[in-house]
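S.K.: This is the structure I have questions about; it appears just below.
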Amino acid sequence: MEKQQIKQDQIKKEPLVRIAKRDVLPARKIVLIYAIAIVVSLVLSAIICSLFSSQNPLAFFAALFDGALGSSRRIWLLLQDTALLLGVAVALVPAFKMKFWNLGGNGQILIGALAAISCMYYLGGKLPDAVLIVLMTVASIAAGAVWGVLPAIFKAHFNTNESLFTLMLNYIATGLVSMFITIWVKSGSGVLPPLTSGNFPDLFGNKYLLTVLVFFALAVLMYVYLKFTKHGYEIAVVGDSPNTAKYIGIDVKKVIIRTMVISGALAGLVGLFLAGGIHHTISTASANNMGFTAIMATWLAAFNPLIMMGTCFFIIFISKGMVQVRGNFGFTNDSIANIVIGLVYFCVIACSFFINYRLIFRKSSAKTAKTDKTKGENKS
């Protein structure tokens, strides 16, 4: 009787719900759970859009796929934008694996684009395009690397907050772009006309293909770098425990600085393609907030560069499809589209939580008492 009372007291002290780490699920179950979450979120999105318009839910899916895949040009634009977002995600993933929270993707993209445009503006027409493109590439990668290494140096030597540091550098990069546009555009319009020198050549007659090939190849190379090289091993150890890394002889400061050089350089490369391959100009909005969107793509992929190909494709697919949904459904602003995108992201993120954790509910005292009584009868 006393034992039963003690058990009941212990049950009362337990929380109603607690979270426990789940055992690793098989890959097929994880894929199935994500697929169900995506389907459920899209069905809910279709219902919401129908409630705010005269269209039926099936029209939502037709518009969504038409907006992303409705023509060959839309398909190539989808692949190009996926590649650019993937490039930013690839730039962020080594820093995140090291638990260096790089929020400066936008600034690193902008500074890389500014370096490329500066070469195009000052050297265009004075050098052959082939030489100019090489200089643009070097300048963009170097500028992005500098923008990435600055917070790394302060983090490594003075233990500053890297999130705030990288975030503040975004504003400085935006200010520099605005300042140079003011210098270059004498009319005061604030819009730099597209530059004709230093533009990337079309690959096999396709202006999108070079961007797609470069950044998908970089994702594969980053996967190999993180998983099979000594540098990747050091990044993982520093991310898990800097003290352990120091104990086994890893130079933590060197790893932090080296990793952020790579991260910033790759983000600067994205800026190069935006300037030289796509827009041929620059504005304060050139980064298109990809630095923050890539954070979501990276987390959804659990820091795996190969899986990031899928998460980046999914994010761009939803974004482009919702542009068409907005037009077809007669929405006058982005509010409904943003609600839908947020709902889809929420379902996918919630799904990833339940893949890694499970909820354990407290058993009721009556049920426990009944179980104990049954066990006692069986023993007797």
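Each chain of the structure tokens is named A, B, ... in the order shown, its residues numbered from 1; ligands are numbered from 1 in display order.
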If we count only C-alpha atoms and set the cut-off at 6 Å, which residues sit around segment 262-271 of chain A, ignoring sequence neighbours fewer than 2 positions away in its own chain? Please answer as a VMD selection string.

M.R.: chain A and resid 88 91 to 92 108 to 110 112 to 113 140 to 141 144 to 145 148 259 to 260 273 to 274

S.K.: Keeping only N, CA and C atoms, write those residues as a PDB file, in the first residue's frame.

M.R.:
```pdb
ATOM      1  N   VAL A  88      23.772  30.691 -51.554  1.00  0.00           N
ATOM      2  CA  VAL A  88      23.828  31.370 -50.249  1.00  0.00           C
ATOM      3  C   VAL A  88      23.771  30.347 -49.115  1.00  0.00           C
ATOM      4  N   ALA A  91      27.007  28.786 -48.688  1.00  0.00           N
ATOM      5  CA  ALA A  91      27.923  29.708 -48.011  1.00  0.00           C
ATOM      6  C   ALA A  91      27.714  29.699 -46.497  1.00  0.00           C
ATOM      7  N   LEU A  92      26.468  29.564 -46.065  1.00  0.00           N
ATOM      8  CA  LEU A  92      26.167  29.634 -44.635  1.00  0.00           C
ATOM      9  C   LEU A  92      26.451  28.327 -43.904  1.00  0.00           C
ATOM     10  N   GLN A 108      27.134  40.194 -47.283  1.00  0.00           N
ATOM     11  CA  GLN A 108      28.222  39.560 -48.029  1.00  0.00           C
ATOM     12  C   GLN A 108      27.874  39.443 -49.514  1.00  0.00           C
ATOM     13  N   ILE A 109      26.593  39.191 -49.819  1.00  0.00           N
ATOM     14  CA  ILE A 109      26.153  39.173 -51.217  1.00  0.00           C
ATOM     15  C   ILE A 109      26.292  40.559 -51.827  1.00  0.00           C
ATOM     16  N   LEU A 110      25.802  41.564 -51.102  1.00  0.00           N
ATOM     17  CA  LEU A 110      25.831  42.937 -51.619  1.00  0.00           C
ATOM     18  C   LEU A 110      27.259  43.420 -51.850  1.00  0.00           C
ATOM     19  N   GLY A 112      29.887  41.632 -52.456  1.00  0.00           N
ATOM     20  CA  GLY A 112      30.431  40.929 -53.605  1.00  0.00           C
ATOM     21  C   GLY A 112      29.910  41.512 -54.906  1.00  0.00           C
ATOM     22  N   ALA A 113      28.607  41.835 -54.941  1.00  0.00           N
ATOM     23  CA  ALA A 113      28.023  42.449 -56.136  1.00  0.00           C
ATOM     24  C   ALA A 113      28.605  43.833 -56.371  1.00  0.00           C
ATOM     25  N   SER A 140      35.045  40.039 -56.255  1.00  0.00           N
ATOM     26  CA  SER A 140      33.833  39.648 -55.519  1.00  0.00           C
ATOM     27  C   SER A 140      34.139  38.631 -54.429  1.00  0.00           C
ATOM     28  N   ILE A 141      34.938  37.638 -54.777  1.00  0.00           N
ATOM     29  CA  ILE A 141      35.285  36.618 -53.780  1.00  0.00           C
ATOM     30  C   ILE A 141      36.086  37.238 -52.639  1.00  0.00           C
ATOM     31  N   GLY A 144      33.737  39.473 -50.445  1.00  0.00           N
ATOM     32  CA  GLY A 144      32.895  38.642 -49.588  1.00  0.00           C
ATOM     33  C   GLY A 144      33.691  38.007 -48.458  1.00  0.00           C
ATOM     34  N   ALA A 145      34.924  37.565 -48.763  1.00  0.00           N
ATOM     35  CA  ALA A 145      35.777  36.959 -47.740  1.00  0.00           C
ATOM     36  C   ALA A 145      36.121  37.955 -46.642  1.00  0.00           C
ATOM     37  N   GLY A 148      33.228  38.458 -44.440  1.00  0.00           N
ATOM     38  CA  GLY A 148      33.011  37.323 -43.557  1.00  0.00           C
ATOM     39  C   GLY A 148      34.058  37.196 -42.464  1.00  0.00           C
ATOM     40  N   THR A 259      37.007  29.247 -41.721  1.00  0.00           N
ATOM     41  CA  THR A 259      35.656  28.877 -42.141  1.00  0.00           C
ATOM     42  C   THR A 259      34.857  30.084 -42.586  1.00  0.00           C
ATOM     43  N   MET A 260      35.022  31.206 -41.897  1.00  0.00           N
ATOM     44  CA  MET A 260      34.271  32.402 -42.272  1.00  0.00           C
ATOM     45  C   MET A 260      34.829  33.068 -43.526  1.00  0.00           C
ATOM     46  N   PHE A 273      27.471  36.700 -59.483  1.00  0.00           N
ATOM     47  CA  PHE A 273      26.527  36.219 -60.492  1.00  0.00           C
ATOM     48  C   PHE A 273      25.317  37.140 -60.617  1.00  0.00           C
ATOM     49  N   LEU A 274      24.885  37.732 -59.504  1.00  0.00           N
ATOM     50  CA  LEU A 274      23.789  38.687 -59.584  1.00  0.00           C
ATOM     51  C   LEU A 274      24.185  39.901 -60.425  1.00  0.00           C
TER      52      LEU A 274
END
```

S.K.: Using DSSP on the backbone, list every residue of segment 162-279 of chain A that comes out as helix (DSSP H, G or I), and give them as a ChimeraX atom specification.

M.R.: /A:162-184,209-228,230-240,242-247,252-279

S.K.: I'd like the neighbourhood of segment 188-203 of chain A as a list in words, where a residue qualifies if any of its atoms comes within 6 Å (using only C-alpha atoms), though same-chain residues fewer than 6 positions away should be ignored.

M.R.: Met120, Gly124, Asp129, Leu132, Ile133, Leu210, Gly276, Gly277, His280 and Thr281 of chain A

S.K.: List the spatial neighbours of Gln80 of chain A as a list in words - criterion: any atom at most 7 Å away, only C-alpha atoms, same-chain residues fewer than 6 positions off excluded.

M.R.: Tyr208, Thr211 and Val212 of chain A

S.K.: Can you tell me which residues surround Ala68 of chain A at a distance of at most 6 Å, considering only C-alpha atoms, apart from same-chain residues fewer than 2 positions away, and format the answer as a PyMOL selection string?

M.R.: chain A and resi 65-66+74+317+320-321

S.K.: I'd like the contact shell of Phe100 of chain A - 10 Å cut-off, only C-alpha atoms, skipping same-chain residues fewer than 4 positions apart - returned as JSON, numbers by chain.

M.R.: {"A": [92, 93, 94, 95, 96, 151, 152, 155, 161, 162, 163, 238, 239, 256, 259, 260]}
